[in-house]
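See below for upload-v4.txt, which holds compact mmCIF, C-alpha atoms.
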```
# COMPACT_ATOMS: atom_id res chain seq x y z
CA MET A 1 -15.04 42.44 -11.95
CA ALA A 2 -16.12 44.12 -8.74
CA SER A 3 -18.95 41.64 -8.21
CA SER A 4 -16.55 38.74 -8.75
CA SER A 5 -14.16 40.12 -6.13
CA ALA A 6 -17.04 40.57 -3.71
CA ASN A 7 -18.12 36.96 -4.19
CA ILE A 8 -14.58 35.75 -3.47
CA LEU A 9 -14.42 37.83 -0.30
CA ARG A 10 -17.78 36.48 0.88
CA ALA A 11 -16.61 32.91 0.21
CA VAL A 12 -13.44 33.49 2.22
CA ARG A 13 -15.40 34.93 5.13
CA ARG A 14 -17.86 32.04 4.96
CA GLN A 15 -15.01 29.51 5.17
CA GLY A 16 -13.60 31.27 8.20
CA THR A 17 -16.97 31.23 9.97
CA ARG A 18 -17.39 28.35 12.39
CA THR A 19 -20.70 26.54 12.56
CA TYR A 20 -22.33 23.91 14.72
CA HIS A 21 -20.93 21.16 12.48
CA ASP A 22 -17.38 22.26 13.30
CA LEU A 23 -17.92 21.32 16.94
CA SER A 24 -17.44 17.73 18.09
CA MET A 25 -17.15 16.16 21.52
CA LEU A 26 -14.56 13.59 22.48
CA PRO A 27 -15.52 10.68 24.77
CA THR A 28 -13.79 12.60 27.56
CA ARG A 29 -16.31 15.45 26.99
CA LYS A 30 -13.57 17.67 25.64
CA ALA A 31 -14.76 19.97 22.86
CA VAL A 32 -12.90 20.07 19.56
CA VAL A 33 -13.58 22.86 17.08
CA GLY A 34 -12.57 22.64 13.43
CA SER A 35 -11.95 25.48 11.00
CA GLY A 36 -11.00 26.21 7.43
CA PRO A 37 -12.25 24.80 4.14
CA PRO A 38 -13.06 21.10 3.94
CA GLY A 39 -10.39 18.68 2.83
CA TYR A 40 -6.60 18.86 2.73
CA SER A 41 -6.32 22.44 4.03
CA ALA A 42 -8.86 21.99 6.80
CA VAL A 43 -8.04 22.01 10.50
CA SER A 44 -10.32 19.47 12.14
CA GLY A 45 -8.95 20.15 15.61
CA HIS A 46 -8.15 16.47 16.16
CA VAL A 47 -4.68 15.11 16.87
CA VAL A 48 -3.87 11.50 16.04
CA THR A 49 -0.73 9.44 16.66
CA VAL A 50 -0.01 6.56 14.28
CA PHE A 51 2.66 4.20 15.59
CA GLY A 52 3.94 2.09 12.72
CA CYS A 53 3.17 4.88 10.24
CA THR A 54 6.23 4.12 8.10
CA GLY A 55 4.94 0.64 7.21
CA PHE A 56 2.77 -0.49 4.34
CA LEU A 57 -0.61 0.07 6.01
CA GLY A 58 0.56 3.13 7.94
CA ARG A 59 1.12 5.32 4.88
CA TYR A 60 -2.44 4.69 3.68
CA LEU A 61 -3.88 5.58 7.08
CA VAL A 62 -1.79 8.74 7.46
CA SER A 63 -2.87 9.89 4.00
CA LYS A 64 -6.56 9.43 4.73
CA LEU A 65 -6.35 11.11 8.13
CA ALA A 66 -4.41 14.08 6.75
CA LYS A 67 -6.96 14.58 3.97
CA LEU A 68 -9.59 15.08 6.67
CA GLY A 69 -7.61 17.95 8.18
CA THR A 70 -6.33 15.89 11.11
CA GLN A 71 -2.98 16.69 12.67
CA VAL A 72 -1.04 13.42 12.56
CA VAL A 73 1.93 12.64 14.78
CA ILE A 74 4.20 10.20 12.92
CA PRO A 75 6.73 8.45 15.21
CA TYR A 76 9.74 7.19 13.27
CA ARG A 77 13.05 5.42 13.85
CA ASP A 78 14.88 6.17 10.60
CA GLU A 79 14.95 9.68 9.17
CA ASP A 80 14.57 8.45 5.60
CA GLU A 81 11.56 6.24 6.35
CA LYS A 82 9.17 9.10 7.12
CA ARG A 83 9.99 11.66 4.46
CA HIS A 84 7.29 10.47 2.07
CA LEU A 85 4.64 11.12 4.74
CA LYS A 86 5.35 14.85 5.10
CA PRO A 87 3.54 15.98 1.90
CA MET A 88 0.40 14.03 2.83
CA GLY A 89 -0.87 16.87 5.03
CA ASP A 90 -0.94 20.64 4.90
CA LEU A 91 1.68 22.80 6.55
CA GLY A 92 2.10 21.82 10.20
CA GLN A 93 -0.36 18.92 10.03
CA ILE A 94 2.24 16.14 9.81
CA VAL A 95 4.39 16.12 12.95
CA PRO A 96 7.37 13.70 12.89
CA MET A 97 8.80 12.57 16.23
CA GLU A 98 11.66 10.16 16.79
CA TRP A 99 10.88 7.21 19.05
CA ASP A 100 11.95 3.77 20.23
CA ILE A 101 9.44 1.13 21.22
CA ARG A 102 11.49 0.44 24.38
CA ARG A 103 11.55 4.10 25.51
CA GLU A 104 8.44 4.90 27.53
CA ASP A 105 9.28 8.60 27.72
CA GLN A 106 9.39 8.86 23.94
CA ILE A 107 6.12 6.97 23.57
CA ALA A 108 4.46 9.30 26.07
CA GLU A 109 5.76 12.36 24.24
CA CYS A 110 4.32 11.08 20.96
CA LEU A 111 0.79 10.50 22.25
CA ARG A 112 0.19 12.93 25.12
CA HIS A 113 -1.72 15.44 22.95
CA SER A 114 -3.66 12.90 20.88
CA ASP A 115 -7.38 12.17 20.74
CA ILE A 116 -6.79 8.72 19.28
CA VAL A 117 -3.77 6.43 19.03
CA TYR A 118 -3.25 3.74 16.39
CA ASN A 119 -0.79 0.94 16.95
CA LEU A 120 0.23 -0.47 13.58
CA VAL A 121 3.67 -1.60 14.73
CA GLY A 122 4.51 -5.06 13.45
CA ARG A 123 7.02 -7.25 11.66
CA ASP A 124 6.42 -10.61 10.01
CA TYR A 125 9.98 -11.74 10.74
CA GLU A 126 12.29 -11.67 13.76
CA THR A 127 15.64 -9.88 14.04
CA LYS A 128 18.53 -10.07 16.50
CA ASN A 129 17.15 -7.02 18.33
CA PHE A 130 13.40 -7.66 18.16
CA ASP A 131 11.61 -10.99 18.33
CA PHE A 132 7.86 -11.40 17.85
CA GLY A 133 7.17 -11.08 21.57
CA SER A 134 9.07 -7.84 22.10
CA VAL A 135 7.19 -6.14 19.24
CA HIS A 136 3.69 -7.64 19.17
CA VAL A 137 3.28 -8.40 22.88
CA ASP A 138 5.51 -6.25 25.10
CA GLY A 139 5.56 -3.30 22.71
CA ALA A 140 1.80 -3.35 22.16
CA GLU A 141 1.14 -3.53 25.89
CA ARG A 142 3.56 -0.67 26.56
CA ILE A 143 1.91 1.65 24.05
CA ALA A 144 -1.62 0.80 25.27
CA ARG A 145 -0.68 1.25 28.92
CA ILE A 146 0.93 4.65 28.36
CA ALA A 147 -2.08 5.73 26.28
CA ALA A 148 -4.38 4.75 29.16
CA GLU A 149 -2.20 6.54 31.71
CA HIS A 150 -2.35 9.77 29.68
CA GLY A 151 -6.11 9.56 29.25
CA VAL A 152 -6.15 9.09 25.48
CA PRO A 153 -9.87 8.73 24.61
CA ARG A 154 -9.43 5.99 21.99
CA PHE A 155 -6.91 3.32 21.23
CA VAL A 156 -6.91 1.17 18.08
CA HIS A 157 -4.66 -1.89 17.96
CA VAL A 158 -4.11 -3.68 14.63
CA SER A 159 -3.69 -7.44 14.97
CA HIS A 160 -4.25 -10.16 12.35
CA LEU A 161 -7.23 -12.17 11.16
CA ASN A 162 -5.44 -15.41 12.08
CA ALA A 163 -4.32 -14.37 15.57
CA SER A 164 -4.62 -17.45 17.78
CA ALA A 165 -2.82 -18.75 20.85
CA SER A 166 -2.99 -22.27 19.43
CA SER A 167 -1.62 -21.38 15.98
CA PRO A 168 1.54 -23.18 14.80
CA SER A 169 2.86 -19.77 13.70
CA LYS A 170 4.84 -17.79 16.28
CA LEU A 171 3.65 -14.55 14.70
CA TYR A 172 -0.02 -15.45 15.10
CA GLN A 173 0.63 -16.59 18.68
CA ALA A 174 2.29 -13.26 19.45
CA LYS A 175 -0.58 -11.35 17.83
CA ALA A 176 -3.09 -13.18 20.07
CA ALA A 177 -1.00 -12.59 23.19
CA GLY A 178 -0.68 -8.92 22.27
CA GLU A 179 -4.46 -8.58 22.01
CA GLU A 180 -4.87 -9.95 25.54
CA ARG A 181 -2.22 -7.65 26.96
CA VAL A 182 -3.78 -4.61 25.27
CA ARG A 183 -7.25 -5.44 26.61
CA ALA A 184 -5.82 -5.86 30.10
CA VAL A 185 -4.34 -2.34 30.23
CA TYR A 186 -6.87 -0.52 28.01
CA LYS A 187 -10.27 -2.12 28.51
CA ASP A 188 -12.06 -0.12 25.79
CA ALA A 189 -9.43 -0.74 23.12
CA THR A 190 -10.53 -1.48 19.57
CA ILE A 191 -8.83 -4.57 18.16
CA VAL A 192 -8.79 -4.66 14.36
CA ARG A 193 -8.05 -7.96 12.59
CA PRO A 194 -7.19 -7.53 8.89
CA PRO A 195 -6.09 -10.36 6.55
CA ALA A 196 -3.24 -10.24 4.06
CA MET A 197 -3.41 -6.86 2.29
CA TYR A 198 -2.40 -5.71 -1.15
CA GLY A 199 -1.53 -2.33 -2.61
CA PHE A 200 1.25 -0.52 -4.45
CA GLU A 201 4.07 -1.46 -2.05
CA ASP A 202 2.68 -4.78 -0.82
CA LYS A 203 4.46 -8.06 -0.18
CA PHE A 204 1.55 -9.98 -1.64
CA LEU A 205 0.84 -9.45 -5.34
CA ASN A 206 4.26 -7.94 -6.03
CA ASN A 207 5.99 -10.84 -4.33
CA MET A 208 3.91 -13.35 -6.29
CA ALA A 209 5.03 -11.72 -9.51
CA ILE A 210 8.72 -11.84 -8.51
CA TRP A 211 9.03 -15.03 -6.43
CA PRO A 212 6.17 -17.37 -7.38
CA ILE A 213 8.12 -20.40 -6.14
CA TRP A 214 7.54 -19.48 -2.49
CA TRP A 215 3.78 -19.23 -3.04
CA LYS A 216 3.58 -22.79 -4.36
CA LEU A 217 4.11 -24.24 -0.89
CA ASN A 218 1.31 -26.58 0.19
CA ASN A 219 0.72 -27.10 -3.54
CA ALA A 220 -0.68 -23.55 -3.56
CA GLN A 221 -3.89 -24.82 -1.96
CA THR A 222 -3.79 -22.55 1.09
CA LYS A 223 -6.96 -20.44 1.33
CA VAL A 224 -6.68 -16.70 1.97
CA ARG A 225 -9.06 -13.74 2.13
CA PRO A 226 -7.03 -10.75 0.89
CA ALA A 227 -8.29 -7.17 1.23
CA HIS A 228 -7.18 -3.86 -0.23
CA ALA A 229 -5.12 -1.74 2.18
CA SER A 230 -7.06 1.40 1.28
CA TYR A 231 -10.37 -0.25 2.19
CA ARG A 232 -8.86 -1.41 5.47
CA CYS A 233 -8.09 2.23 6.36
CA ARG A 234 -11.59 3.53 5.64
CA PRO A 235 -13.21 2.22 8.85
CA SER A 236 -10.40 3.73 10.91
CA ALA A 237 -10.22 7.09 9.18
CA SER A 238 -13.84 7.73 8.28
CA LYS A 239 -15.58 6.82 11.55
CA PRO A 240 -16.76 10.11 13.06
CA TYR A 241 -14.99 11.12 16.26
CA GLY A 242 -18.27 12.06 17.84
CA HIS A 243 -19.55 8.49 17.69
CA PRO A 244 -19.09 6.16 20.66
CA PRO A 245 -15.86 4.14 20.32
CA ILE A 246 -16.18 0.51 19.26
CA ALA A 247 -14.67 -1.53 22.05
CA GLY A 248 -13.96 -5.12 21.09
CA THR A 249 -12.71 -7.03 18.08
CA ILE A 250 -13.39 -6.01 14.48
CA ASN A 251 -12.75 -8.56 11.72
CA LEU A 252 -12.11 -7.13 8.26
CA PRO A 253 -11.56 -10.06 5.86
CA GLY A 254 -11.63 -9.72 2.11
CA PRO A 255 -14.84 -10.35 0.16
CA SER A 256 -13.79 -13.79 -1.16
CA THR A 257 -11.81 -16.84 -0.12
CA LEU A 258 -9.19 -17.72 -2.72
CA THR A 259 -6.30 -20.14 -3.03
CA TYR A 260 -2.71 -19.25 -3.80
CA GLU A 261 -3.10 -21.35 -6.94
CA TYR A 262 -5.79 -19.04 -8.32
CA LEU A 263 -3.86 -15.93 -7.29
CA LEU A 264 -0.73 -17.17 -9.07
CA ASP A 265 -2.80 -17.86 -12.18
CA MET A 266 -4.29 -14.38 -11.93
CA VAL A 267 -0.87 -12.77 -11.61
CA THR A 268 0.34 -14.70 -14.64
CA ALA A 269 -2.73 -13.69 -16.66
CA VAL A 270 -2.49 -10.02 -15.72
CA THR A 271 1.27 -9.68 -16.27
CA LEU A 272 1.04 -11.68 -19.53
CA ASN A 273 4.21 -13.52 -18.60
CA ALA A 274 4.89 -17.23 -18.96
CA PRO A 275 3.69 -19.36 -16.02
CA SER A 276 6.36 -20.23 -13.50
CA LYS A 277 7.92 -23.66 -14.01
CA ALA A 278 9.39 -23.71 -10.51
CA PRO A 279 8.69 -26.95 -8.63
CA THR A 280 6.76 -27.24 -5.38
CA ILE A 281 9.30 -27.37 -2.56
CA PRO A 282 8.55 -29.66 0.42
CA LYS A 283 7.91 -27.86 3.69
CA ALA A 284 11.01 -29.29 5.41
CA VAL A 285 13.27 -28.17 2.58
CA ALA A 286 11.68 -24.70 2.43
CA SER A 287 12.11 -24.29 6.20
CA LEU A 288 15.76 -25.32 5.96
CA ILE A 289 16.42 -22.85 3.13
CA ALA A 290 14.61 -20.04 4.97
CA THR A 291 16.54 -20.71 8.19
CA ALA A 292 19.90 -20.74 6.42
CA ALA A 293 19.10 -17.60 4.42
CA SER A 294 17.80 -15.63 7.42
CA ARG A 295 21.02 -16.37 9.33
CA SER A 296 23.41 -15.53 6.52
CA LEU A 297 21.74 -12.49 4.91
CA TRP A 298 21.14 -9.17 6.62
CA TRP A 299 18.13 -8.10 4.54
CA PRO A 300 14.66 -9.58 5.18
CA ILE A 301 13.71 -12.56 3.06
CA LEU A 302 11.43 -15.54 3.56
CA SER A 303 11.58 -16.49 7.26
CA PRO A 304 10.98 -19.96 8.73
CA ASP A 305 7.77 -18.74 10.38
CA GLU A 306 6.54 -17.42 7.05
CA VAL A 307 6.97 -20.89 5.59
CA THR A 308 4.71 -22.14 8.39
CA ARG A 309 2.14 -19.44 7.63
CA ARG A 310 1.98 -20.46 3.97
CA TYR A 311 0.28 -23.66 5.17
CA ILE A 312 -2.36 -21.93 7.33
CA ASP A 313 -5.79 -21.07 5.91
CA ASP A 314 -7.32 -17.71 6.82
CA ALA A 315 -9.94 -17.86 9.56
CA GLU A 316 -13.50 -18.21 8.30
CA VAL A 317 -15.13 -15.53 10.42
CA PRO A 318 -17.77 -13.00 9.34
CA GLY A 319 -16.55 -9.48 8.69
CA ASN A 320 -17.69 -6.21 10.23
CA TRP A 321 -17.46 -4.02 7.14
CA SER A 322 -21.18 -3.19 7.20
CA GLU A 323 -20.80 -1.38 10.51
CA PHE A 324 -18.74 1.25 8.70
CA GLY A 325 -20.74 1.40 5.49
CA VAL A 326 -17.85 -0.05 3.48
CA THR A 327 -18.16 -2.79 0.86
CA PRO A 328 -14.75 -4.24 -0.06
CA SER A 329 -14.16 -4.91 -3.73
CA GLU A 330 -12.67 -8.00 -5.34
CA ILE A 331 -8.95 -8.30 -5.95
CA GLU A 332 -9.49 -8.45 -9.74
CA HIS A 333 -10.69 -4.83 -9.68
CA HIS A 334 -7.28 -3.62 -8.50
CA ALA A 335 -4.78 -6.19 -9.76
CA ILE A 336 -3.89 -4.39 -13.00
CA SER A 337 -2.92 -1.24 -11.07
CA TYR A 338 -0.20 -3.06 -9.16
CA LEU A 339 0.90 -5.70 -11.68
CA ARG A 340 1.10 -3.66 -14.89
CA ARG A 341 4.71 -2.80 -14.10
CA TYR A 342 5.68 -6.43 -14.68
CA ARG A 343 4.41 -6.44 -18.27
CA SER A 344 6.60 -6.08 -21.32
CA SER A 345 6.42 -2.92 -23.41
CA GLU A 346 4.46 -4.75 -26.11
CA ASN A 347 1.74 -5.83 -23.68
CA PHE A 348 1.72 -2.81 -21.39
CA ASP A 349 -1.65 -1.38 -22.53
CA ARG A 350 -3.52 -4.61 -23.19
CA PRO A 351 -6.71 -5.08 -21.13
CA PRO A 352 -6.47 -7.72 -18.40
CA VAL A 353 -8.11 -11.11 -18.80
CA PHE A 354 -8.67 -13.08 -15.61
CA PRO A 355 -8.77 -16.86 -15.18
CA PRO A 356 -12.05 -18.45 -14.05
CA ARG A 357 -12.64 -18.61 -10.33
CA PRO A 358 -12.15 -22.12 -8.86
CA SER A 359 -15.21 -24.00 -7.70
CA LEU A 360 -13.91 -24.13 -4.12
CA GLU A 361 -14.05 -20.35 -3.87
CA SER A 362 -16.54 -19.20 -1.26
CA GLN A 363 -18.00 -15.79 -0.66
CA SER A 364 -17.34 -14.16 2.69
CA GLU A 365 -19.90 -12.50 4.88
CA TYR A 366 -18.91 -8.87 5.11
```
Taking this structure as input, can you express it in the form of structure tokens?
Amino acid sequence: MASSSANILRAVRRQGTRTYHDLSMLPTRKAVVGSGPPGYSAVSGHVVTVFGCTGFLGRYLVSKLAKLGTQVVIPYRDEDEKRHLKPMGDLGQIVPMEWDIRREDQIAECLRHSDIVYNLVGRDYETKNFDFGSVHVDGAERIARIAAEHGVPRFVHVSHLNASASSPSKLYQAKAAGEERVRAVYKDATIVRPPAMYGFEDKFLNNMAIWPIWWKLNNAQTKVRPAHASYRCRPSASKPYGHPPIAGTINLPGPSTLTYEYLLDMVTAVTLNAPSKAPTIPKAVASLIATAASRSLWWPILSPDEVTRRYIDDAEVPGNWSEFGVTPSEIEHHAISYLRRYRSSENFDRPPVFPPRPSLESQSEY
């Protein structure tokens, strides 16, 4: 018994002893010293601000950062939107701060102690208070400029794989303009371009299971390169702080190019529900319905710009996953985790059977 107690005491002392590996240098040559046991209860010494933390991708990133012992500042607008983030870190490691994207003083207060700032702020539809430009262009520039003024060593801006000034989509145009504005005020910014992402709370697989009619636009022949949200966070969260920052654009497409037709067939096969008999709606009719619905309903539904995006193929650009030692997995490996809820009780435990991949499917370079 005495020897066991002595071993416990030695282990506690060993955890409290700082070593060379606990020391890291920021790009500004500021030393950061970590302490404590590895993992959730660690104190890495780093402070990170994640704007847009209450969104779909943000919660995954906050979770991964907090598990590394990072103190995460989580700016929020609605009190109820950030409560689920608090348990992701140990006591005092998740710091909520109220903010408004138009208030420069609040932005500065959120990031002035941070070693790295992530801008995940984004909406795929416009509202009466925020259009695409005010969020993805003006807001992105404002956050990047204030981060540069306060000497934040690293800034990561999340854009989209299809960001293009010549795109017919207003969202993709705004994403491209936002990238240019960010580079102009923070020259060493890291621009991350993910594709459509899926996960537990996504608007991708879950939406296909609920509203397949809206994914039949363009005869469901639109090509996409979806990636798992958790894999998208790994390059951001796992890259050591001591490494030189990656300035430039990072493309993170999914491992395969698939059509909406195959994805709808996969959702039907996994959920074991009858295939949707909904007709294919012409683009003009879908745009008219989306416009009328967005003006008459207060909750977000299919927007006119989203109808336009359903006709745009994902950009065929090589990915940069290998730079981070990450190999993204196929969507079939995760589909059952997010689609099982749509099964009946009789089929709930049946193993998934996937439809054959279409011949037009191409493998991406990642």
Env of range 265-273 of chain A: 6 Å cut, atoms = all atoms listed in the file, seq-sep filter 2 positions within chain, self excluded. Answer as number ranges by chain. A: 262-263, 275, 342-343, 352, 354
Could you check which of A:Arg357, A:Val95, A:Leu264, A:Glu79 is closest to Asn207 in chain A, using all atoms listed in the file?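 With all atoms listed in the file as the atom set, the closest residue is A:Leu264.
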Let me make sure I understand: among A:Trp215, A:Tyr311, A:Phe324, A:Phe204, which one has the smallest atom-to-atom distance to Leu252 in chain A if we use all atoms listed in the file? A:Phe324
Hey, can I get the axis-aligned box for range 176-183 of chain A? All listed atoms, 5 Å padding on each side, centre and edge lengths in Å to one decimal, as JSON.
```
{"center_x": -4.0, "center_y": -8.9, "center_z": 23.5, "size_x": 16.6, "size_y": 18.6, "size_z": 16.9}
```
Within 6 Å of (-17.1, -5.9, 0.7) in the file's own coordinates, which protein, DNA or RNA residues have an atom, counting all atoms listed in the file? List them as a PyMOL selection string. chain A and resi 255+327-329+366
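Minimum atom-to-atom distance to Ser164 in chain A, evaluated using all atoms listed in the file, belongs to A:Ile312 out of A:Ile312, A:Ile107, A:Met197, A:Val50.
Rounded to one decimal, CA of Lys277 in chain A and CA of Ile210 in chain A lie 13.1 Å from each other.
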Name the closest residue to Tyr198 in chain A among the candidates A:Arg225, A:Arg123, A:Lys64, A:Arg154; distances are taken between atoms, counting only C-alpha atoms.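 Looking at the shortest contact to Tyr198 in chain A, the residue is A:Arg225.
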Let me make sure I understand: among A:Arg295, A:Arg183, A:Lys203, A:Lys128, which one has the smallest atom-to-atom distance to Phe56 in chain A if we use only C-alpha atoms?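 Among the listed residues, A:Lys203 lies closest to Phe56 in chain A.
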Computed interatomic separation between CA of Trp99 in chain A and CA of Gly69 in chain A (Å):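 Interatomic distance, CA of Trp99 in chain A to CA of Gly69 in chain A: 24.0 Å.
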Using only C-alpha atoms, find the one residue out of A:Ala163, A:Ala227, A:Ile246, A:Ile146 that sits nearest to Thr190 in chain A.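 Looking at the shortest contact to Thr190 in chain A, the residue is A:Ile246.
Taking CA of Val185 in chain A and CA of His150 in chain A as the two end points, the separation is 12.3 Å.
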Would you kindly return, as a PDB file with C-alpha atoms, in the frame of the given file, each protein, DNA or RNA residue with an atom no farther than 8 Å from any atom of Ala147 in chain A, considering only C-alpha atoms and excluding same-chain residues fewer than 5 positions away?
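Output saved as around.pdb:
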```
ATOM      1  CA  ALA A 108       4.460   9.300  26.070  1.00  0.00           C
ATOM      2  CA  LEU A 111       0.790  10.500  22.250  1.00  0.00           C
ATOM      3  CA  ARG A 112       0.190  12.930  25.120  1.00  0.00           C
ATOM      4  CA  VAL A 117      -3.770   6.430  19.030  1.00  0.00           C
ATOM      5  CA  VAL A 152      -6.150   9.090  25.480  1.00  0.00           C
ATOM      6  CA  PHE A 155      -6.910   3.320  21.230  1.00  0.00           C
TER       7      PHE A 155
END
```
Ref. answer, residues at most 12 Å from (5.1, -17.5, 19.2) with all atoms listed in the file, as number ranges by chain: A: 124-126, 131-137, 163-178, 305, 308
